[in-house]
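Novice: What follows is the file start13.txt, containing compact mmCIF, C-alpha atoms:
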```txt
# COMPACT_ATOMS: atom_id res chain seq x y z
CA MET A 13 66.23 53.18 -4.73
CA ALA A 14 62.65 52.98 -5.99
CA PRO A 15 60.85 49.64 -6.42
CA MET A 16 61.29 48.07 -9.83
CA PRO A 17 58.36 48.70 -12.20
CA PRO A 18 56.32 45.85 -13.67
CA THR A 19 57.71 44.25 -16.80
CA ASP A 20 55.89 42.75 -19.76
CA ARG A 21 56.72 39.18 -18.66
CA GLU A 22 53.23 38.84 -17.23
CA GLN A 23 51.13 41.01 -19.46
CA ASN A 24 47.38 41.06 -19.91
CA ARG A 25 47.40 37.78 -21.85
CA PHE A 26 44.44 36.80 -24.01
CA SER A 27 44.78 33.13 -23.06
CA ALA A 28 44.60 33.95 -19.35
CA ARG A 29 41.65 36.28 -19.92
CA ALA A 30 39.85 33.61 -21.93
CA LYS A 31 40.29 31.08 -19.14
CA ARG A 32 38.93 33.57 -16.61
CA TYR A 33 36.02 34.48 -18.92
CA ALA A 34 35.06 30.83 -19.01
CA LYS A 35 34.99 30.54 -15.22
CA VAL A 36 33.32 33.85 -14.36
CA GLY A 37 31.08 34.04 -17.40
CA THR A 38 29.68 30.56 -16.89
CA ARG A 39 28.84 31.14 -13.25
CA VAL A 40 27.54 34.69 -13.42
CA GLY A 41 25.93 34.01 -16.78
CA GLY A 42 24.20 30.96 -15.36
CA VAL A 43 22.45 33.09 -12.76
CA ALA A 44 21.55 35.67 -15.41
CA ALA A 45 20.05 32.94 -17.58
CA ARG A 46 18.07 31.69 -14.62
CA LEU A 47 16.70 35.18 -14.09
CA ALA A 48 15.82 35.56 -17.76
CA GLY A 49 13.96 32.26 -17.73
CA GLN A 50 11.91 33.30 -14.73
CA ARG A 51 11.14 36.57 -16.43
CA LEU A 52 10.08 34.82 -19.63
CA VAL A 53 7.57 32.54 -17.89
CA GLY A 54 6.41 35.21 -15.48
CA ALA A 55 7.78 33.51 -12.36
CA LYS A 56 8.07 35.64 -9.25
CA GLY A 57 9.47 35.44 -5.76
CA GLY A 58 12.78 33.84 -6.66
CA ARG A 59 15.09 36.71 -5.77
CA ALA A 60 16.34 35.19 -2.52
CA GLY A 61 17.20 31.94 -4.29
CA ASN A 62 18.85 33.79 -7.16
CA ALA A 63 20.87 35.86 -4.70
CA LEU A 64 22.08 32.71 -2.95
CA ALA A 65 22.98 31.17 -6.31
CA LEU A 66 25.01 34.24 -7.32
CA ALA A 67 26.79 34.38 -3.95
CA SER A 68 27.59 30.69 -4.22
CA ALA A 69 28.96 31.11 -7.74
CA LEU A 70 31.15 34.06 -6.83
CA GLY A 71 32.25 32.52 -3.56
CA GLY A 72 33.71 29.60 -5.46
CA LEU A 73 35.67 31.87 -7.80
CA LYS A 74 37.55 34.18 -5.41
CA GLY A 75 39.86 36.73 -6.96
CA PRO A 76 39.04 40.25 -8.26
CA ILE A 77 35.33 39.62 -8.88
CA MET A 78 34.94 39.05 -5.13
CA LYS A 79 36.18 42.57 -4.37
CA VAL A 80 33.66 43.91 -6.87
CA ALA A 81 30.78 41.94 -5.37
CA GLN A 82 31.55 42.98 -1.82
CA LEU A 83 31.89 46.63 -2.84
CA LEU A 84 28.52 46.61 -4.58
CA ALA A 85 26.97 45.17 -1.45
CA THR A 86 27.81 48.37 0.50
CA ILE A 87 26.20 50.84 -1.95
CA PRO A 88 22.49 51.49 -1.35
CA ASP A 89 20.37 50.05 -4.17
CA ALA A 90 23.32 49.08 -6.38
CA LEU A 91 21.93 45.55 -5.99
CA PRO A 92 18.63 44.22 -4.63
CA VAL A 93 18.69 43.83 -0.84
CA GLU A 94 18.57 40.02 -1.15
CA TYR A 95 21.76 40.12 -3.22
CA ALA A 96 23.49 42.57 -0.91
CA ASN A 97 22.69 40.43 2.15
CA GLU A 98 24.29 37.36 0.55
CA LEU A 99 27.30 39.10 -0.99
CA ILE A 100 28.24 40.90 2.22
CA LYS A 101 28.83 37.49 3.82
CA LEU A 102 31.43 36.47 1.28
CA GLN A 103 35.09 36.25 2.20
CA SER A 104 37.65 37.69 -0.24
CA GLN A 105 40.43 35.23 0.56
CA ALA A 106 41.79 33.17 -2.32
CA PRO A 107 43.49 29.78 -1.94
CA PRO A 108 47.19 30.41 -1.18
CA MET A 109 49.96 29.59 -3.63
CA GLY A 110 52.04 26.55 -2.74
CA TRP A 111 55.76 26.84 -2.00
CA ALA A 112 56.85 25.67 -5.46
CA PHE A 113 54.66 28.36 -6.99
CA VAL A 114 55.98 30.99 -4.57
CA LYS A 115 59.59 30.19 -5.42
CA ARG A 116 58.90 30.66 -9.13
CA ARG A 117 57.08 33.93 -8.46
CA MET A 118 59.89 35.26 -6.26
CA SER A 119 62.52 34.29 -8.85
CA ALA A 120 60.56 36.17 -11.48
CA GLU A 121 60.49 39.28 -9.29
CA LEU A 122 63.93 39.33 -7.60
CA GLY A 123 65.91 37.02 -9.88
CA ALA A 124 67.71 33.73 -9.35
CA GLY A 125 69.20 33.37 -5.91
CA TRP A 126 66.50 35.59 -4.40
CA GLU A 127 66.54 33.62 -1.14
CA LYS A 128 70.06 34.90 -0.42
CA LYS A 129 68.58 38.40 -0.11
CA PHE A 130 66.74 37.30 3.04
CA ALA A 131 67.94 35.77 6.29
CA SER A 132 64.73 33.75 6.31
CA PHE A 133 61.50 33.50 4.31
CA GLU A 134 58.49 31.55 5.62
CA HIS A 135 57.07 29.03 3.17
CA HIS A 136 53.47 29.28 4.32
CA PRO A 137 51.73 32.65 3.82
CA ALA A 138 50.78 34.66 6.87
CA ALA A 139 47.73 35.99 5.00
CA ALA A 140 46.01 35.37 1.67
CA ALA A 141 43.70 37.85 -0.03
CA SER A 142 41.98 38.36 -3.36
CA LEU A 143 44.95 39.65 -5.39
CA GLY A 144 47.97 38.28 -3.53
CA GLN A 145 49.38 36.78 -0.34
CA VAL A 146 51.75 37.93 2.39
CA HIS A 147 54.81 35.99 3.58
CA ARG A 148 56.72 36.76 6.72
CA ALA A 149 60.48 37.10 6.25
CA THR A 150 63.64 38.38 7.93
CA ALA A 151 66.06 40.85 6.36
CA LEU A 152 69.80 40.23 6.36
CA ASP A 153 70.14 42.79 9.17
CA GLY A 154 67.54 40.97 11.28
CA ALA A 155 64.57 43.25 10.62
CA GLU A 156 61.19 41.52 10.36
CA LEU A 157 59.51 41.89 6.97
CA ALA A 158 56.13 41.41 5.31
CA CYS A 159 56.41 40.37 1.63
CA LYS A 160 53.22 40.91 -0.36
CA LEU A 161 53.38 38.76 -3.49
CA GLN A 162 50.79 39.11 -6.26
CA TYR A 163 49.17 36.00 -7.68
CA PRO A 164 50.07 35.13 -11.30
CA ASP A 165 47.97 36.45 -14.19
CA MET A 166 46.13 38.92 -11.97
CA GLN A 167 46.06 41.60 -14.68
CA SER A 168 44.32 39.17 -17.00
CA ALA A 169 41.93 38.08 -14.25
CA VAL A 170 41.06 41.69 -13.41
CA GLU A 171 40.35 42.60 -17.03
CA ALA A 172 38.20 39.52 -17.52
CA ASP A 173 36.29 40.16 -14.29
CA LEU A 174 35.68 43.79 -15.20
CA VAL A 175 34.00 42.65 -18.39
CA GLN A 176 31.80 40.36 -16.32
CA LEU A 177 31.06 43.29 -14.00
CA GLN A 178 28.88 44.65 -16.77
CA LEU A 179 26.87 41.44 -16.69
CA LEU A 180 26.61 41.64 -12.91
CA MET A 181 25.28 45.17 -13.26
CA SER A 182 22.76 44.01 -15.84
CA ILE A 183 21.24 41.70 -13.25
CA ARG A 184 20.31 44.79 -11.27
CA LYS A 185 18.52 46.28 -14.27
CA ARG A 186 16.09 43.37 -14.23
CA PHE A 187 14.60 44.64 -10.97
CA ASP A 188 13.36 48.14 -11.75
CA PRO A 189 16.64 49.96 -11.12
CA ALA A 190 16.51 53.15 -9.10
CA ILE A 191 20.10 54.17 -9.79
CA ASP A 192 22.31 54.32 -12.87
CA THR A 193 25.45 52.29 -12.11
CA THR A 194 27.52 53.42 -15.11
CA GLU A 195 29.94 55.58 -13.12
CA ILE A 196 30.16 52.96 -10.37
CA ALA A 197 31.59 50.50 -12.87
CA VAL A 198 34.10 53.08 -14.15
CA GLU A 199 35.32 53.86 -10.64
CA ILE A 200 35.64 50.24 -9.59
CA ALA A 201 37.66 49.48 -12.72
CA ALA A 202 40.07 52.36 -12.12
CA ARG A 203 40.73 51.48 -8.50
CA LEU A 204 41.06 47.75 -9.12
CA ARG A 205 43.66 48.34 -11.83
CA GLU A 206 45.59 50.60 -9.45
CA GLU A 207 45.67 47.85 -6.84
CA LEU A 208 47.70 45.69 -9.23
CA ASP A 209 50.54 48.25 -9.25
CA TYR A 210 52.73 47.67 -6.21
CA VAL A 211 55.07 50.49 -7.23
CA ARG A 212 52.12 52.84 -6.79
CA GLU A 213 51.21 51.18 -3.51
CA ALA A 214 54.74 51.81 -2.23
CA LYS A 215 54.18 55.50 -2.98
CA HIS A 216 50.87 55.34 -1.08
CA VAL A 217 52.80 54.09 1.94
CA ALA A 218 55.15 57.08 1.70
CA LEU A 219 52.12 59.35 1.37
CA TYR A 220 50.56 58.00 4.57
CA GLN A 221 53.85 58.25 6.44
CA ASN A 222 53.84 61.95 5.64
CA MET A 223 50.17 62.59 6.37
CA LEU A 224 50.16 60.73 9.71
CA LYS A 225 53.63 61.63 10.96
CA ASP A 226 52.13 63.65 13.84
CA GLU A 227 49.72 60.89 14.94
CA PRO A 228 51.57 58.77 17.54
CA ASN A 229 48.66 56.33 17.87
CA VAL A 230 48.78 55.37 14.17
CA ARG A 231 51.77 53.53 12.71
CA VAL A 232 52.73 53.19 9.04
CA PRO A 233 55.41 50.71 7.89
CA ASN A 234 58.54 51.44 5.88
CA VAL A 235 58.94 50.04 2.35
CA TRP A 236 62.08 48.08 1.41
CA PRO A 237 62.57 49.21 -2.23
CA GLU A 238 65.51 46.88 -2.92
CA LEU A 239 63.18 43.95 -2.14
CA SER A 240 60.17 45.30 -4.03
CA THR A 241 58.95 45.29 -7.63
CA GLY A 242 55.72 46.00 -9.48
CA ARG A 243 54.27 42.73 -8.16
CA LEU A 244 56.18 42.29 -4.91
CA LEU A 245 55.94 44.79 -2.07
CA THR A 246 58.20 44.32 0.95
CA MET A 247 57.47 46.35 4.07
CA ASP A 248 58.24 46.27 7.78
CA TRP A 249 56.39 43.54 9.63
CA MET A 250 53.99 45.38 11.93
CA THR A 251 53.66 43.40 15.14
CA GLY A 252 50.17 43.58 16.57
CA ARG A 253 47.02 41.75 17.55
CA LYS A 254 43.70 41.66 15.74
CA LEU A 255 41.31 44.51 16.39
CA LEU A 256 38.55 42.12 17.42
CA ASP A 257 40.80 40.65 20.13
CA HIS A 258 39.97 43.83 22.07
CA LYS A 259 36.19 43.88 21.69
CA ASP A 260 35.79 42.77 25.33
CA ALA A 261 38.39 45.19 26.69
CA SER A 262 37.49 48.17 28.86
CA LEU A 263 35.40 50.93 27.29
CA SER A 264 38.23 53.44 27.69
CA LEU A 265 40.64 51.20 25.79
CA ARG A 266 38.11 50.51 23.02
CA ASN A 267 37.43 54.24 22.78
CA ASN A 268 41.15 54.94 22.44
CA LEU A 269 41.42 52.48 19.57
CA ALA A 270 38.33 53.94 17.89
CA THR A 271 39.76 57.45 18.23
CA ALA A 272 42.98 56.28 16.55
CA MET A 273 40.91 54.76 13.74
CA PHE A 274 39.00 58.02 13.33
CA ALA A 275 42.26 59.95 13.03
CA ALA A 276 43.74 57.42 10.58
CA TRP A 277 40.79 57.85 8.24
CA TRP A 278 39.40 61.40 8.63
CA PHE A 279 42.60 63.38 9.10
CA PRO A 280 44.14 62.37 5.73
CA PHE A 281 40.84 63.11 4.01
CA SER A 282 40.01 66.45 5.64
CA ARG A 283 43.58 67.79 5.41
CA PHE A 284 44.93 66.16 2.23
CA GLY A 285 41.91 64.88 0.29
CA VAL A 286 43.01 61.24 0.60
CA ILE A 287 41.06 58.25 1.92
CA HIS A 288 41.76 54.61 2.54
CA GLY A 289 38.99 52.97 0.51
CA ASP A 290 39.13 49.52 2.11
CA PRO A 291 38.75 49.89 5.90
CA HIS A 292 37.92 46.30 6.78
CA LEU A 293 39.15 44.67 9.97
CA GLY A 294 41.95 42.71 8.30
CA ASN A 295 43.77 45.90 7.32
CA TYR A 296 44.49 46.92 10.92
CA THR A 297 46.19 45.47 13.95
CA VAL A 298 46.73 46.88 17.43
CA PHE A 299 50.23 47.59 18.72
CA ASP A 300 51.16 47.63 22.40
CA ASP A 301 53.17 50.07 24.43
CA GLY A 302 56.27 48.94 26.27
CA ASP A 303 54.19 47.50 29.10
CA GLY A 304 52.00 45.29 26.91
CA LYS A 305 49.02 47.66 26.96
CA PRO A 306 47.24 48.32 23.63
CA ALA A 307 48.40 51.73 22.43
CA GLY A 308 47.33 52.32 18.84
CA ILE A 309 46.64 51.11 15.29
CA ASN A 310 48.95 49.62 12.65
CA LEU A 311 47.87 50.37 9.06
CA LEU A 312 48.76 47.33 6.96
CA ASP A 313 47.50 47.71 3.40
CA TYR A 314 47.69 50.63 0.94
CA GLY A 315 46.38 49.24 -2.32
CA CYS A 316 42.98 50.92 -2.33
CA ILE A 317 43.76 54.61 -1.81
CA ARG A 318 41.53 57.30 -3.36
CA ILE A 319 42.89 60.81 -3.97
CA PHE A 320 40.14 63.41 -4.39
CA PRO A 321 40.21 66.93 -5.84
CA PRO A 322 40.29 69.48 -2.99
CA SER A 323 36.94 70.82 -4.23
CA PHE A 324 35.36 67.45 -3.46
CA VAL A 325 36.61 67.66 0.12
CA GLY A 326 34.92 71.06 0.24
CA GLY A 327 31.70 69.41 -0.91
CA VAL A 328 31.90 66.86 1.90
CA VAL A 329 32.41 69.61 4.47
CA ASP A 330 29.63 71.73 2.94
CA LEU A 331 27.22 68.79 3.07
CA TYR A 332 28.01 68.27 6.73
CA ARG A 333 27.57 71.92 7.61
CA GLY A 334 24.43 72.19 5.49
CA LEU A 335 22.85 69.25 7.31
CA LEU A 336 23.99 70.61 10.66
CA ASP A 337 22.55 74.08 10.05
CA GLY A 338 19.50 73.08 7.99
CA ASP A 339 20.89 75.04 5.04
CA ASP A 340 19.21 73.46 2.00
CA ASP A 341 21.07 75.61 -0.52
CA ARG A 342 24.40 74.49 0.87
CA VAL A 343 23.29 70.85 0.83
CA VAL A 344 22.23 71.06 -2.84
CA HIS A 345 25.46 72.81 -3.76
CA ALA A 346 27.41 70.04 -2.01
CA TYR A 347 25.63 67.30 -3.97
CA GLU A 348 26.43 69.17 -7.18
CA ILE A 349 30.09 69.29 -6.22
CA TRP A 350 29.96 65.55 -5.54
CA GLY A 351 28.79 65.11 -9.12
CA PHE A 352 25.06 64.41 -8.76
CA LYS A 353 23.05 65.80 -11.68
CA ARG A 354 19.41 66.59 -12.47
CA LEU A 355 18.54 66.89 -8.83
CA SER A 356 14.85 67.18 -7.95
CA ARG A 357 13.39 67.85 -4.53
CA GLU A 358 12.49 64.17 -4.18
CA LEU A 359 15.99 62.99 -5.13
CA ILE A 360 17.59 65.45 -2.73
CA ASP A 361 15.36 64.14 0.05
CA ALA A 362 16.41 60.58 -0.78
CA LEU A 363 20.09 61.50 -0.75
CA ASN A 364 19.60 63.29 2.56
CA ILE A 365 18.29 60.08 4.12
CA TRP A 366 21.59 58.36 3.40
CA ALA A 367 23.69 61.44 4.21
CA ARG A 368 22.06 61.78 7.63
CA PHE A 369 22.79 58.11 8.26
CA ILE A 370 26.49 58.50 7.35
CA TYR A 371 26.93 61.85 9.10
CA GLY A 372 24.52 61.08 11.94
CA PRO A 373 27.07 60.40 14.70
CA MET A 374 28.84 63.68 13.84
CA LEU A 375 25.72 65.84 13.86
CA GLU A 376 25.10 65.55 17.62
CA ASP A 377 27.37 67.10 20.23
CA ARG A 378 27.19 64.23 22.70
CA VAL A 379 28.84 60.93 23.55
CA ARG A 380 27.14 58.09 21.68
CA SER A 381 27.74 54.86 19.82
CA VAL A 382 27.65 54.82 16.03
CA ALA A 383 24.45 52.80 15.94
CA ASP A 384 22.95 54.69 18.91
CA GLY A 385 20.62 51.93 20.07
CA VAL A 386 20.09 50.26 16.69
CA LYS A 387 21.07 46.59 16.50
CA PRO A 388 24.32 46.18 14.57
CA SER A 389 22.61 43.68 12.26
CA GLU A 390 20.05 46.35 11.33
CA TYR A 391 22.57 49.19 10.99
CA GLY A 392 21.75 51.16 7.82
CA ARG A 393 19.09 48.77 6.53
CA LYS A 394 16.12 51.01 7.29
CA GLU A 395 17.79 53.98 5.63
CA ALA A 396 18.80 51.93 2.58
CA PHE A 397 15.21 50.71 2.20
CA ARG A 398 13.80 54.25 2.40
CA VAL A 399 16.32 55.46 -0.19
CA HIS A 400 15.29 52.62 -2.48
CA GLN A 401 11.60 53.42 -2.15
CA VAL A 402 12.09 57.07 -3.08
CA LEU A 403 14.53 56.41 -5.92
CA LYS A 404 12.33 53.67 -7.32
CA ALA A 405 9.50 56.16 -7.61
CA LYS A 406 11.50 59.24 -8.64
CA GLY A 407 14.79 57.92 -10.04
CA PRO A 408 16.91 56.79 -11.65
CA VAL A 409 19.81 58.86 -10.39
CA MET A 410 23.36 58.64 -11.72
CA VAL A 411 25.72 57.82 -8.86
CA PRO A 412 28.97 59.79 -9.43
CA ARG A 413 32.34 58.09 -9.29
CA GLU A 414 33.43 59.99 -6.20
CA PHE A 415 30.56 58.58 -4.15
CA VAL A 416 31.65 54.95 -4.52
CA PHE A 417 34.72 54.69 -2.31
CA MET A 418 33.69 57.55 -0.07
CA ASP A 419 30.59 55.55 0.81
CA ARG A 420 32.46 52.26 1.08
CA ALA A 421 35.05 53.74 3.41
CA ALA A 422 32.45 55.43 5.63
CA ILE A 423 30.47 52.19 5.97
CA GLY A 424 33.63 50.22 6.69
CA LEU A 425 34.79 52.67 9.33
CA GLY A 426 31.37 52.61 10.96
CA ALA A 427 31.56 48.81 11.09
CA VAL A 428 34.87 49.05 12.99
CA PHE A 429 33.25 51.36 15.55
CA LEU A 430 30.34 48.94 15.83
CA HIS A 431 32.64 45.98 16.47
CA LEU A 432 34.48 47.94 19.15
CA ALA A 433 31.19 49.17 20.65
CA ALA A 434 32.94 52.53 21.06
CA GLU A 435 31.18 55.49 22.68
CA LEU A 436 32.65 58.80 21.57
CA ASN A 437 31.73 62.39 20.86
CA PHE A 438 32.03 62.01 17.08
CA TYR A 439 30.83 65.60 16.64
CA ARG A 440 33.89 66.98 18.41
CA LEU A 441 36.26 64.57 16.70
CA PHE A 442 34.99 65.57 13.28
CA ASN A 443 35.00 69.28 13.98
CA GLU A 444 38.57 68.97 15.19
CA ALA A 445 39.42 67.29 11.87
CA ILE A 446 37.88 70.11 9.80
CA GLU A 447 39.02 72.95 12.07
CA ASP A 448 40.30 75.87 9.96
CA PHE A 449 39.35 73.96 6.81
CA SER A 450 39.74 75.63 3.44
CA ILE A 451 39.94 74.23 -0.07
CA ASP A 452 43.07 76.26 -0.79
CA THR A 453 44.86 74.84 2.26
CA VAL A 454 43.94 71.28 1.28
CA ALA A 455 45.18 71.93 -2.26
CA VAL A 456 48.57 73.13 -1.02
CA ARG A 457 48.98 70.29 1.47
CA GLN A 458 47.89 67.70 -1.06
CA ARG A 459 50.26 68.88 -3.77
CA GLN A 460 53.19 68.92 -1.37
CA ALA A 461 52.38 65.46 0.01
CA LEU A 462 51.88 63.92 -3.44
CA ASP A 463 55.11 65.43 -4.71
CA GLN A 464 57.05 64.06 -1.72
CA ALA A 465 55.56 60.59 -2.29
CA GLY A 466 56.30 60.71 -6.02
CA LEU A 467 52.63 60.56 -7.02
```
Can you turn what I pasted into structure tokens?

Specialist:
Amino acid sequence: MAPMPPTDREQNRFSARAKRYAKVGTRVGGVAARLAGQRLVGAKGGRAGNALALASALGGLKGPIMKVAQLLATIPDALPVEYANELIKLQSQAPPMGWAFVKRRMSAELGAGWEKKFASFEHHPAAAASLGQVHRATALDGAELACKLQYPDMQSAVEADLVQLQLLMSIRKRFDPAIDTTEIAVEIAARLREELDYVREAKHVALYQNMLKDEPNVRVPNVWPELSTGRLLTMDWMTGRKLLDHKDASLSLRNNLATAMFAAWWFPFSRFGVIHGDPHLGNYTVFDDGDGKPAGINLLDYGCIRIFPPSFVGGVVDLYRGLLDGDDDRVVHAYEIWGFKRLSRELIDALNIWARFIYGPMLEDRVRSVADGVKPSEYGRKEAFRVHQVLKAKGPVMVPREFVFMDRAAIGLGAVFLHLAAELNFYRLFNEAIEDFSIDTVAVRQRQALDQAGL
């Protein structure tokens, strides 16, 4: 039985949107007004203070706008560096719903007497995030469950925050923008709306079960459709420890975990054109073998999944091979496939700076860390600054939609490798992932996998 779809009982209500507009608009708008005032009187040098003010305002709000802010912080030049440095520090957790609130929410999703459908249901959430919270429960047959319950009025909050996203983007335009963020906003809006649909997320889980069925070191939970709706997703509870609990483990163990992470991310993309667009540390835990030794990775969240046209996967592979072989024509063709337009020599050079940073570990056939001697705190900053300098002089360039979550996921995955201090031959891992690659093969695999998942 499939999860129940959302109903209209909690629609995109104007009253809820208006309330959210008041909160977000006042705080973000206050920073914008501050900037305009400085501009009017010719004041300079206040960017660091303005960045701190914006981060403080958003940090107090929580919710969808936080996901937007943190995403923008990972895209080179989408925001001034002072803003990015402050926003990247923000946590996306929202205050949890109290038990009385949870009971009303669960009744709305599963009906009166919902508690009788579980052997137990913990009152306090095991985790709280920007759009919902997770409660641990036990099924009637004794199986351990994770119940992901969406906060009330999230559709209204998302729509209100997306309107304010335009204001957030306008702040960037005050500082000699080097990129056009129009498509970034469109992509963020599409993905954020998808994350509200737990029926779709249940299908994403099925998709990943199929794609990773031959990867024993990566585990995907089962969905419990009879205990799921459009705003409640019940899955197996995946027992495991935090990834960072193993940062002081032996190098061989950390390398094994990093290799599992590489497979969990690159294999679905290179073979099916699918990526997990939110690879932060909270979305993974480490499971043990029968003897208590860490054995692999649990994938916990499937809200932010991006499905690409097979041709785009071909562009990613072409860009890699073009950089590897010094084939400029292939590199330019790849950027065109990605969706970049009006490319000049200077803009191509700027894009290559960032591409060589992202692909760098996979361009050298040797064992190395991701940062390769660079301090983790400085990872990517030099490259982002160089990109900014070139684009400021030669831009603006329109960033295509497909770049947004591809970049976010690559940066997030790199951060995991940094935290683990893994030392791997990323060149060989990547070439194994794209072995025998062809666009036609990806197209066939993708269509079959999407059909099986009901997508």

Novice: May I have the protein, DNA and RNA residues with an atom at most 12 Å from (50.9, 54.7, -5.0), counting all atoms listed in the file in the file's coordinates, returned as a PyMOL selection string?

Specialist: chain A and resi 14-15+17+203+205-220+235+242+245+286+288+313-319+461-467

Novice: Measure the distance from atom CA of A:Arg378 to atom CA of A:Asn437 in Å and round it to one decimal.

Specialist: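 So the answer is 5.2 Å.
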
Novice: Counting only C-alpha atoms, figure out which residue out of A:Val328, A:Ala124, A:Ile423, A:Met109 gets nearest to A:Phe449.

Specialist: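 Result for the nearest residue to A:Phe449: A:Val328.
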
Novice: Would you list the contacts of A:Asp260 as a list in words, taking every protein, DNA or RNA residue within 12 Å and counting only C-alpha atoms, but skipping same-chain residues closer than 3 positions in sequence?

Specialist: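 Near A:Asp260, the qualifying residues are Leu255, Leu256, Asp257, Leu263, Ser264, Leu265, Arg266, Asn267, His431, Leu432, Ala433 and Ala434 of chain A.
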
Novice: Could you name the residues that touch A:Thr297 at 6 Å or less, counting only C-alpha atoms, but leaving out those on the same chain fewer than 5 positions away, as a PyMOL selection string?

Specialist: chain A and resi 252-255+309-310

Novice: Store the residues of this selection in a file with C-alpha atoms, as a short mmCIF file (atom, residue, chain, number, x, y, z; two decimals), keeping the file's coordinate frame.

Specialist:
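Below is the file that was written, again.cif:
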```
data_model
loop_
_atom_site.label_atom_id
_atom_site.label_comp_id
_atom_site.auth_asym_id
_atom_site.auth_seq_id
_atom_site.Cartn_x
_atom_site.Cartn_y
_atom_site.Cartn_z
CA GLY A 252 50.17 43.58 16.57
CA ARG A 253 47.02 41.75 17.55
CA LYS A 254 43.70 41.66 15.74
CA LEU A 255 41.31 44.51 16.39
CA ILE A 309 46.64 51.11 15.29
CA ASN A 310 48.95 49.62 12.65
#
```
